[in-house]
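K.L.:
Sending over a structure as structure tokens; questions will come in a sec.
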Amino acid sequence: MWTSLEPDATTVEPGASASVRLRVRNTGDTVEEYRLQVVGATAGWARVQPDVLRLYPGAEGTAEVRFAPPRTPDALAGPTPFGVRVTPRETPQAGNVAEGQVTVGPFAEIRPELLPLVVRGRLGAKAAVAVDNLGNQQLTASLSGRENGDALEVESEPGSVQVEPGRAGFADLRIKPGAISWVGGTRKHPFTVSVLRSGVPEPIELRGTYEQPSVIPRWAMVLLSILFALLLAFAVMWFQHKPTMATQATEKPGSQQVLPQDDGMKKAPSPSPSPSKEKKEEPPPEEDKDDAPKPKPGGGPQEDKPKGPKLRTIRSNEGSGWYLEVKEGKQADGTYIGQNASQSDQFGKNQDWILHHYPESDTYSLESASAPGAIMDQKVNTNIVQIFHAPAENIRTGRLPDNQKWKLERRDDGLTRIVAVGSGECLVDMQNDKSALTWKCDDRNSMGWTISDWPK
């Protein structure tokens with residue numbers, strides 16, 4: 001028996017179909033019947049027609065192997081080996097398997113869900129976001145809460161999730177009210193959670209409601225009002241019906257004694273004057289010279305230290321030394337990071353950066369001063385560098401995905417490499433204002449950077 005697949009490799013998109021041809025030759029000397037069966041990971045969505053070939057000695061037959069992967073996570077993206085088992089009826093021990101490979105194209109589909117839609121709590125509440133990956137490849141989704149003014153604070157933990165095909169990822173939401181409601185019944189605050197899949201510009205928004213009951217319920221206020229009214233009525237009745245006090249004592253009859261008046265009354269003797277000691281006036285204490293303000297070192301008042309994080313500029317060694325900046329000072333996620341030949345404040349602080357260090361991994365995140373909360377991000381599956389918002393707590397603690405972390409490596413010439421942790425590639429100056437990129441690290445000038453006020 002001889003078998004062959006033509007071709008032995010093919011490509012197919014989910015929801016479409018593709019086919020290869022199987023050739024079988026009877027090399028025996030008797031009539032034989034061959035049973036055909038697809039085996040391997042593709043068996044659920046592949047068929048062979050016909051599935052039985054009856055061949056005379058020396059004869060050859062063909063069958064079509066058709067692949068129709070569904071648009072579900074069951075057909076994983078990428079190359080998948082398959083086989084067609086050929087089993088002779090008369091001599092099954094002589095069967096073999098013709099092997100090939102089919103490559104399934106990728107597709108992405110995400111379905112986020114807020115659980116539950118309505119949460120309740122006096123001092124705060126908790127919810128969760130479930131992210132279902134209905135595609136056939138791994139995806140990364142970033143989550144961020146949007147509050148209704150200052151009434152709420154919505155935080156996601158973690159800030160992003162990675163989900164395998166056919167699986168679900170979960171993130172916890174912590175909802176805190178801006179102020180405690182002491183009285184007034186239950187208040188309702190709408191809030192929104194944005195779920196942004198990597199590679200897609202527009203997020204999916206989930207809307208929920210936070211119900212905040214008052215600390216003192218309405219029935220307690222009614223009861224207190226009734227008690228206060230009763231207490232006030234009792235006080236009014238008490239003061240209006242004050243009892244009168246009477247006595248039955250009478251004056252004893254008899255003559256009254258008249259007290260002497262004027263000269264008839266003896267005056268009390270006046271006290272004899274006693275010599276008083278004169279008190280010496282003591283001079284006022286001299287002012288302690290040590291308490292006088294002393295001049296500060298340097299001959300003048302010292303200036304207060306600047307408040308807030310240190311702002312730094314990042315300048316390339318390529319050409320005239322272009323400055324790294326956020327394109328036009330925009331703040332939206334996905335805004336490209338470009339370069340400018342001159343230092344300018346035309347768009348605010350879009351050329352200033354805040355470096356957050358994480359000692360446990362010796363890595364950094366680079367936050368734009370013109371877009372607070374937005375950090376330098378290597379766009380997933382690309383070498384494009386952009387800004388992307390992350391929760392403040394994650395920026396402070398370093399709980400960030402690898403595509404948002406960077407290593408600062410000192411080169412032999414004193415310049416600094418800015419290396420993406422996720423890809424291991426270096427930030428390179430493209431000498432334009434559109435986008436900086438990452439590339440395989442080397443010692444070219446465009447990969448050497450100078451960070452202002454950076455320790456030598």
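The way I read the labels, and the way they are meant: chains A, B, ... in the order of the structure tokens, residue 1 as the first residue of every chain, and ligand 1 as the first ligand shown, with later ones counted on from there.
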Would you kindly return, as a PDB file with all heavy atoms, in the first residue's frame, each protein, DNA or RNA residue with an atom no farther than 10 Å from any atom of A:Arg71, considering only C-alpha atoms and excluding same-chain residues fewer than 2 positions away?

P.N.:
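What landed in result_1.pdb:
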ATOM      1  N   GLU A  13      -9.049  29.881   6.858  1.00  0.00           N
ATOM      2  CA  GLU A  13      -9.554  30.858   7.803  1.00  0.00           C
ATOM      3  C   GLU A  13     -10.738  30.279   8.565  1.00  0.00           C
ATOM      4  O   GLU A  13     -11.522  29.489   8.008  1.00  0.00           O
ATOM      5  CB  GLU A  13      -9.991  32.138   7.079  1.00  0.00           C
ATOM      6  CG  GLU A  13      -8.864  32.883   6.409  1.00  0.00           C
ATOM      7  CD  GLU A  13      -7.852  33.410   7.409  1.00  0.00           C
ATOM      8  OE1 GLU A  13      -8.254  33.775   8.529  1.00  0.00           O
ATOM      9  OE2 GLU A  13      -6.649  33.433   7.081  1.00  0.00           O
ATOM     10  N   PRO A  14     -10.922  30.654   9.838  1.00  0.00           N
ATOM     11  CA  PRO A  14     -12.091  30.169  10.585  1.00  0.00           C
ATOM     12  C   PRO A  14     -13.387  30.587   9.892  1.00  0.00           C
ATOM     13  O   PRO A  14     -13.537  31.723   9.448  1.00  0.00           O
ATOM     14  CB  PRO A  14     -11.946  30.853  11.946  1.00  0.00           C
ATOM     15  CG  PRO A  14     -10.487  31.164  12.070  1.00  0.00           C
ATOM     16  CD  PRO A  14     -10.016  31.458  10.685  1.00  0.00           C
ATOM     17  N   GLY A  15     -14.306  29.643   9.750  1.00  0.00           N
ATOM     18  CA  GLY A  15     -15.560  29.892   9.059  1.00  0.00           C
ATOM     19  C   GLY A  15     -15.490  29.597   7.578  1.00  0.00           C
ATOM     20  O   GLY A  15     -16.529  29.611   6.911  1.00  0.00           O
ATOM     21  N   ALA A  16     -14.299  29.359   7.021  1.00  0.00           N
ATOM     22  CA  ALA A  16     -14.136  29.012   5.608  1.00  0.00           C
ATOM     23  C   ALA A  16     -13.717  27.535   5.512  1.00  0.00           C
ATOM     24  O   ALA A  16     -13.749  26.795   6.499  1.00  0.00           O
ATOM     25  CB  ALA A  16     -13.107  29.924   4.946  1.00  0.00           C
ATOM     26  N   ALA A  68     -12.857  22.510   7.626  1.00  0.00           N
ATOM     27  CA  ALA A  68     -13.805  23.616   7.819  1.00  0.00           C
ATOM     28  C   ALA A  68     -13.796  24.020   9.306  1.00  0.00           C
ATOM     29  O   ALA A  68     -14.704  23.679  10.061  1.00  0.00           O
ATOM     30  CB  ALA A  68     -15.201  23.206   7.374  1.00  0.00           C
ATOM     31  N   PRO A  69     -12.747  24.748   9.745  1.00  0.00           N
ATOM     32  CA  PRO A  69     -12.674  25.114  11.169  1.00  0.00           C
ATOM     33  C   PRO A  69     -13.775  26.100  11.538  1.00  0.00           C
ATOM     34  O   PRO A  69     -14.049  27.043  10.789  1.00  0.00           O
ATOM     35  CB  PRO A  69     -11.290  25.757  11.297  1.00  0.00           C
ATOM     36  CG  PRO A  69     -10.973  26.254   9.920  1.00  0.00           C
ATOM     37  CD  PRO A  69     -11.607  25.278   8.975  1.00  0.00           C
ATOM     38  N   PRO A  73     -13.260  29.191  19.646  1.00  0.00           N
ATOM     39  CA  PRO A  73     -11.944  28.884  20.221  1.00  0.00           C
ATOM     40  C   PRO A  73     -11.497  27.443  20.023  1.00  0.00           C
ATOM     41  O   PRO A  73     -10.345  27.110  20.330  1.00  0.00           O
ATOM     42  CB  PRO A  73     -12.148  29.196  21.722  1.00  0.00           C
ATOM     43  CG  PRO A  73     -13.305  30.132  21.785  1.00  0.00           C
ATOM     44  CD  PRO A  73     -14.197  29.718  20.663  1.00  0.00           C
ATOM     45  N   ASP A  74     -12.407  26.560  19.513  1.00  0.00           N
ATOM     46  CA  ASP A  74     -11.998  25.164  19.322  1.00  0.00           C
ATOM     47  C   ASP A  74     -10.935  25.017  18.244  1.00  0.00           C
ATOM     48  O   ASP A  74     -10.143  24.063  18.272  1.00  0.00           O
ATOM     49  CB  ASP A  74     -13.224  24.318  18.944  1.00  0.00           C
ATOM     50  CG  ASP A  74     -14.245  24.286  20.065  1.00  0.00           C
ATOM     51  OD1 ASP A  74     -13.838  24.382  21.231  1.00  0.00           O
ATOM     52  OD2 ASP A  74     -15.446  24.180  19.775  1.00  0.00           O
ATOM     53  N   ALA A  75     -10.911  25.937  17.285  1.00  0.00           N
ATOM     54  CA  ALA A  75      -9.902  25.889  16.219  1.00  0.00           C
ATOM     55  C   ALA A  75      -8.838  26.938  16.531  1.00  0.00           C
ATOM     56  O   ALA A  75      -8.972  28.110  16.164  1.00  0.00           O
ATOM     57  CB  ALA A  75     -10.545  26.145  14.863  1.00  0.00           C
ATOM     58  N   LEU A  76      -7.780  26.540  17.241  1.00  0.00           N
ATOM     59  CA  LEU A  76      -6.745  27.471  17.662  1.00  0.00           C
ATOM     60  C   LEU A  76      -5.968  28.003  16.468  1.00  0.00           C
ATOM     61  O   LEU A  76      -5.721  27.286  15.488  1.00  0.00           O
ATOM     62  CB  LEU A  76      -5.779  26.785  18.635  1.00  0.00           C
ATOM     63  CG  LEU A  76      -6.373  26.336  19.975  1.00  0.00           C
ATOM     64  CD1 LEU A  76      -5.315  25.656  20.820  1.00  0.00           C
ATOM     65  CD2 LEU A  76      -6.973  27.516  20.719  1.00  0.00           C
ATOM     66  N   PRO A 106      -5.959  33.563  12.448  1.00  0.00           N
ATOM     67  CA  PRO A 106      -6.440  34.061  13.742  1.00  0.00           C
ATOM     68  C   PRO A 106      -7.679  34.951  13.588  1.00  0.00           C
ATOM     69  O   PRO A 106      -7.899  35.574  12.553  1.00  0.00           O
ATOM     70  CB  PRO A 106      -5.251  34.874  14.245  1.00  0.00           C
ATOM     71  CG  PRO A 106      -4.602  35.387  13.004  1.00  0.00           C
ATOM     72  CD  PRO A 106      -4.801  34.327  11.951  1.00  0.00           C
ATOM     73  N   PHE A 107      -8.482  35.005  14.634  1.00  0.00           N
ATOM     74  CA  PHE A 107      -9.543  35.997  14.752  1.00  0.00           C
ATOM     75  C   PHE A 107      -9.743  36.288  16.236  1.00  0.00           C
ATOM     76  O   PHE A 107      -9.412  35.471  17.099  1.00  0.00           O
ATOM     77  CB  PHE A 107     -10.844  35.510  14.102  1.00  0.00           C
ATOM     78  CG  PHE A 107     -11.629  34.538  14.943  1.00  0.00           C
ATOM     79  CD1 PHE A 107     -12.675  34.966  15.751  1.00  0.00           C
ATOM     80  CD2 PHE A 107     -11.325  33.186  14.935  1.00  0.00           C
ATOM     81  CE1 PHE A 107     -13.392  34.069  16.518  1.00  0.00           C
ATOM     82  CE2 PHE A 107     -12.043  32.282  15.695  1.00  0.00           C
ATOM     83  CZ  PHE A 107     -13.082  32.725  16.498  1.00  0.00           C
ATOM     84  N   ALA A 108     -10.232  37.481  16.529  1.00  0.00           N
ATOM     85  CA  ALA A 108     -10.385  37.926  17.919  1.00  0.00           C
ATOM     86  C   ALA A 108     -11.830  38.337  18.167  1.00  0.00           C
ATOM     87  O   ALA A 108     -12.464  38.984  17.329  1.00  0.00           O
ATOM     88  CB  ALA A 108      -9.452  39.101  18.217  1.00  0.00           C
ATOM     89  N   GLU A 109     -12.324  37.945  19.320  1.00  0.00           N
ATOM     90  CA  GLU A 109     -13.667  38.330  19.746  1.00  0.00           C
ATOM     91  C   GLU A 109     -13.698  38.310  21.267  1.00  0.00           C
ATOM     92  O   GLU A 109     -13.248  37.339  21.886  1.00  0.00           O
ATOM     93  CB  GLU A 109     -14.715  37.382  19.166  1.00  0.00           C
ATOM     94  CG  GLU A 109     -16.139  37.816  19.462  1.00  0.00           C
ATOM     95  CD  GLU A 109     -17.174  36.917  18.784  1.00  0.00           C
ATOM     96  OE1 GLU A 109     -16.777  36.113  17.910  1.00  0.00           O
ATOM     97  OE2 GLU A 109     -18.358  37.022  19.123  1.00  0.00           O
ATOM     98  N   LEU A 134     -13.625  34.821  23.137  1.00  0.00           N
ATOM     99  CA  LEU A 134     -14.318  33.959  22.187  1.00  0.00           C
ATOM    100  C   LEU A 134     -13.516  33.769  20.901  1.00  0.00           C
ATOM    101  O   LEU A 134     -14.011  33.144  19.959  1.00  0.00           O
ATOM    102  CB  LEU A 134     -15.687  34.563  21.850  1.00  0.00           C
ATOM    103  CG  LEU A 134     -16.607  34.833  23.048  1.00  0.00           C
ATOM    104  CD1 LEU A 134     -17.935  35.385  22.577  1.00  0.00           C
ATOM    105  CD2 LEU A 134     -16.815  33.579  23.868  1.00  0.00           C
ATOM    106  N   GLY A 135     -12.295  34.333  20.851  1.00  0.00           N
ATOM    107  CA  GLY A 135     -11.439  34.165  19.689  1.00  0.00           C
ATOM    108  C   GLY A 135     -10.602  32.910  19.782  1.00  0.00           C
ATOM    109  O   GLY A 135     -10.744  32.098  20.699  1.00  0.00           O
ATOM    110  N   ASN A 136      -9.670  32.754  18.833  1.00  0.00           N
ATOM    111  CA  ASN A 136      -8.819  31.555  18.814  1.00  0.00           C
ATOM    112  C   ASN A 136      -7.361  31.874  19.094  1.00  0.00           C
ATOM    113  O   ASN A 136      -6.474  31.107  18.738  1.00  0.00           O
ATOM    114  CB  ASN A 136      -8.955  30.837  17.472  1.00  0.00           C
ATOM    115  CG  ASN A 136      -8.446  31.667  16.299  1.00  0.00           C
ATOM    116  OD1 ASN A 136      -8.155  32.851  16.452  1.00  0.00           O
ATOM    117  ND2 ASN A 136      -8.347  31.040  15.141  1.00  0.00           N
TER     118      ASN A 136
END

K.L.:
Extract the full set of strand (DSSP E) residues from stretch 156-203 of chain A according to DSSP on the backbone, and format it as a list in words.

P.N.:
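Answer for stretch 156-203 of chain A restricted to strand (DSSP E) is Ser156, Glu157, Ser160, Val161, Gln162, Val163, Ala168, Gly169, Phe170, Ala171, Asp172, Leu173, Arg174, Ile175, Lys176, Pro177, Arg187, Lys188, His189, Pro190, Phe191, Thr192, Val193, Ser194, Val195, Leu196 and Arg197 of chain A.
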
K.L.:
When distances are computed from only C-alpha atoms, which of A:Val428, A:Thr62, A:Gly398, A:Leu408 shows the smallest separation from A:Pro455?

P.N.:
A:Leu408

K.L.:
Could you give me, as a PyMOL selection string, the residues within 7 Å of A:Gly448, counting only C-alpha atoms and dropping anything in the same chain fewer than 5 positions from it?

P.N.:
chain A and resi 316-317+415-417

K.L.:
For the residues in the current selection, export C-alpha atoms as a compact mmCIF listing (two decimals), in the first residue's frame.

P.N.:
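Now in part_11.txt:
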# COMPACT_ATOMS: atom_id res chain seq x y z
CA SER A 316 18.64 61.08 21.68
CA ASN A 317 22.31 61.02 20.61
CA LEU A 415 24.70 56.90 27.15
CA THR A 416 21.64 54.95 28.29
CA ARG A 417 19.67 52.23 26.52

K.L.:
Please provide the set of residues having any atom within 7 Å of stretch 351-362 of chain A, restricted to only C-alpha atoms, with same-chain residues fewer than 2 positions apart removed, written as number ranges by chain.

P.N.:
A: 309-313, 323-326, 349, 364-369, 398

K.L.:
Write out, as a CSV table (one decimal), in the first residue's frame, the residues just selected, with N, CA, C and O atoms.

P.N.:
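Writing the result to out.csv gives the following:
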chain,number,residue,atom,x,y,z
A,309,PRO,N,6.9,65.2,41.9
A,309,PRO,CA,8.0,64.3,41.3
A,309,PRO,C,9.0,65.1,40.4
A,309,PRO,O,8.7,66.1,39.9
A,310,LYS,N,10.1,64.5,40.2
A,310,LYS,CA,11.2,65.1,39.4
A,310,LYS,C,10.8,64.9,37.9
A,310,LYS,O,10.4,63.8,37.5
A,311,LEU,N,10.9,66.0,37.2
A,311,LEU,CA,10.6,66.0,35.8
A,311,LEU,C,11.9,65.9,35.0
A,311,LEU,O,12.8,66.7,35.3
A,312,ARG,N,12.0,65.0,34.0
A,312,ARG,CA,13.2,64.8,33.3
A,312,ARG,C,12.9,64.9,31.8
A,312,ARG,O,11.8,64.6,31.3
A,313,THR,N,13.9,65.3,31.0
A,313,THR,CA,13.9,65.2,29.6
A,313,THR,C,14.7,64.0,29.1
A,313,THR,O,15.7,63.7,29.8
A,323,TYR,N,14.4,65.4,21.2
A,323,TYR,CA,13.8,65.2,22.5
A,323,TYR,C,12.5,64.2,22.3
A,323,TYR,O,11.7,64.4,21.4
A,324,LEU,N,12.4,63.3,23.2
A,324,LEU,CA,11.3,62.4,23.2
A,324,LEU,C,10.1,63.1,23.8
A,324,LEU,O,10.1,63.8,24.8
A,325,GLU,N,8.9,63.0,23.1
A,325,GLU,CA,7.7,63.7,23.5
A,325,GLU,C,6.5,63.0,23.1
A,325,GLU,O,6.5,62.0,22.3
A,326,VAL,N,5.4,63.3,23.8
A,326,VAL,CA,4.0,62.8,23.5
A,326,VAL,C,3.5,63.6,22.3
A,326,VAL,O,3.5,64.9,22.4
A,349,LYS,N,3.8,70.2,28.9
A,349,LYS,CA,4.9,69.4,29.4
A,349,LYS,C,5.0,68.1,28.7
A,349,LYS,O,5.4,67.1,29.3
A,364,TYR,N,11.6,50.2,35.3
A,364,TYR,CA,11.0,51.6,35.4
A,364,TYR,C,9.8,51.6,34.6
A,364,TYR,O,9.6,50.8,33.7
A,365,SER,N,8.8,52.5,35.0
A,365,SER,CA,7.8,53.0,34.1
A,365,SER,C,8.0,54.5,33.9
A,365,SER,O,8.5,55.2,34.8
A,366,LEU,N,7.7,54.9,32.7
A,366,LEU,CA,7.9,56.3,32.3
A,366,LEU,C,6.6,57.0,32.1
A,366,LEU,O,5.9,56.7,31.1
A,367,GLU,N,6.2,57.9,33.0
A,367,GLU,CA,4.9,58.6,33.0
A,367,GLU,C,5.1,59.9,32.3
A,367,GLU,O,6.0,60.7,32.6
A,368,SER,N,4.2,60.3,31.4
A,368,SER,CA,4.2,61.6,30.8
A,368,SER,C,3.7,62.6,31.7
A,368,SER,O,2.6,62.5,32.3
A,369,ALA,N,4.4,63.7,31.8
A,369,ALA,CA,4.0,64.8,32.7
A,369,ALA,C,2.8,65.6,32.1
A,369,ALA,O,2.0,66.2,32.9
A,398,GLY,N,4.3,49.0,40.8
A,398,GLY,CA,4.9,48.3,39.7
A,398,GLY,C,4.2,47.0,39.2
A,398,GLY,O,4.7,46.2,38.5

K.L.:
I need the residues in stretch 372-432 of chain A that are helix (DSSP H, G or I) according to DSSP; give them as a PyMOL selection string.

P.N.:
chain A and resi 392-397+402-404

K.L.:
Can you tell me which residues surround A:Gly422 at a distance of at most 10 Å, considering only C-alpha atoms, apart from same-chain residues fewer than 3 positions away, and format the answer as a list in words?

P.N.:
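Non-adjacent residues within range: Gln378, Val380, Pro401, Asp402, Asn403, Gln404, Lys405, Trp406, Val419 and Glu425 of chain A.
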
K.L.:
With C-alpha atoms retained, could you export that selection as a PDB file, in the first residue's frame?

P.N.:
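Below is the file that was written, part.pdb:
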ATOM      1  CA  GLN A 378       4.946  49.054  23.668  1.00  0.00           C
ATOM      2  CA  VAL A 380       1.171  44.524  21.863  1.00  0.00           C
ATOM      3  CA  PRO A 401       2.404  44.127  32.321  1.00  0.00           C
ATOM      4  CA  ASP A 402       5.867  43.660  30.803  1.00  0.00           C
ATOM      5  CA  ASN A 403       5.032  45.823  27.760  1.00  0.00           C
ATOM      6  CA  GLN A 404       4.737  48.826  30.137  1.00  0.00           C
ATOM      7  CA  LYS A 405       8.060  48.268  31.959  1.00  0.00           C
ATOM      8  CA  TRP A 406      11.534  49.345  30.815  1.00  0.00           C
ATOM      9  CA  VAL A 419      14.992  48.448  26.833  1.00  0.00           C
ATOM     10  CA  GLU A 425      14.119  45.509  22.150  1.00  0.00           C
TER      11      GLU A 425
END

K.L.:
Show me, as a list in words, the residues that have an atom within 8 Å of A:Gln386 when counting only C-alpha atoms, minus same-chain residues fewer than 4 positions from it.

P.N.:
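Final neighbour list, sorted by chain and number: Asp333, Gly334, Thr335, Tyr336, Ile337, Met376, Asp377, Gln378, Lys379 and Ser435 of chain A.
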
K.L.:
For each of A:Tyr210, A:Phe67, A:Trp322, A:Trp182, take the minimum atom-to-atom distance to A:Ala436, counting only C-alpha atoms, then give the residue where this is smallest.

P.N.:
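Of A:Tyr210, A:Phe67, A:Trp322, A:Trp182, the one nearest A:Ala436 is A:Trp322, counting only C-alpha atoms.
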
K.L.:
Show me, as a ChimeraX atom specification, the residues that have an atom within 8 Å of A:Leu114 when counting only C-alpha atoms, minus same-chain residues fewer than 6 positions from it.

P.N.:
/A:127-130,206-208

K.L.:
Check the smallest atom-to-atom distance from each of A:Val161, A:Arg35, A:Asp443, A:Phe191 to A:Arg174 using only C-alpha atoms, then report the winner.

P.N.:
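The answer is A:Phe191, which sits nearest to A:Arg174.
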
K.L.:
Just give me the gap between atom CA of A:Ala390 and atom CA of A:Ser423 in Å, one decimal is fine.

P.N.:
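Separating atom CA of A:Ala390 from atom CA of A:Ser423 is a distance of 19.5 Å.
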
K.L.:
Measuring atom to atom with only C-alpha atoms, identify which of A:Thr450, A:Gln343, A:Lys407, A:Gly329 is nearest to A:Pro372.

P.N.:
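For A:Pro372, the nearest of the candidates is A:Gly329.
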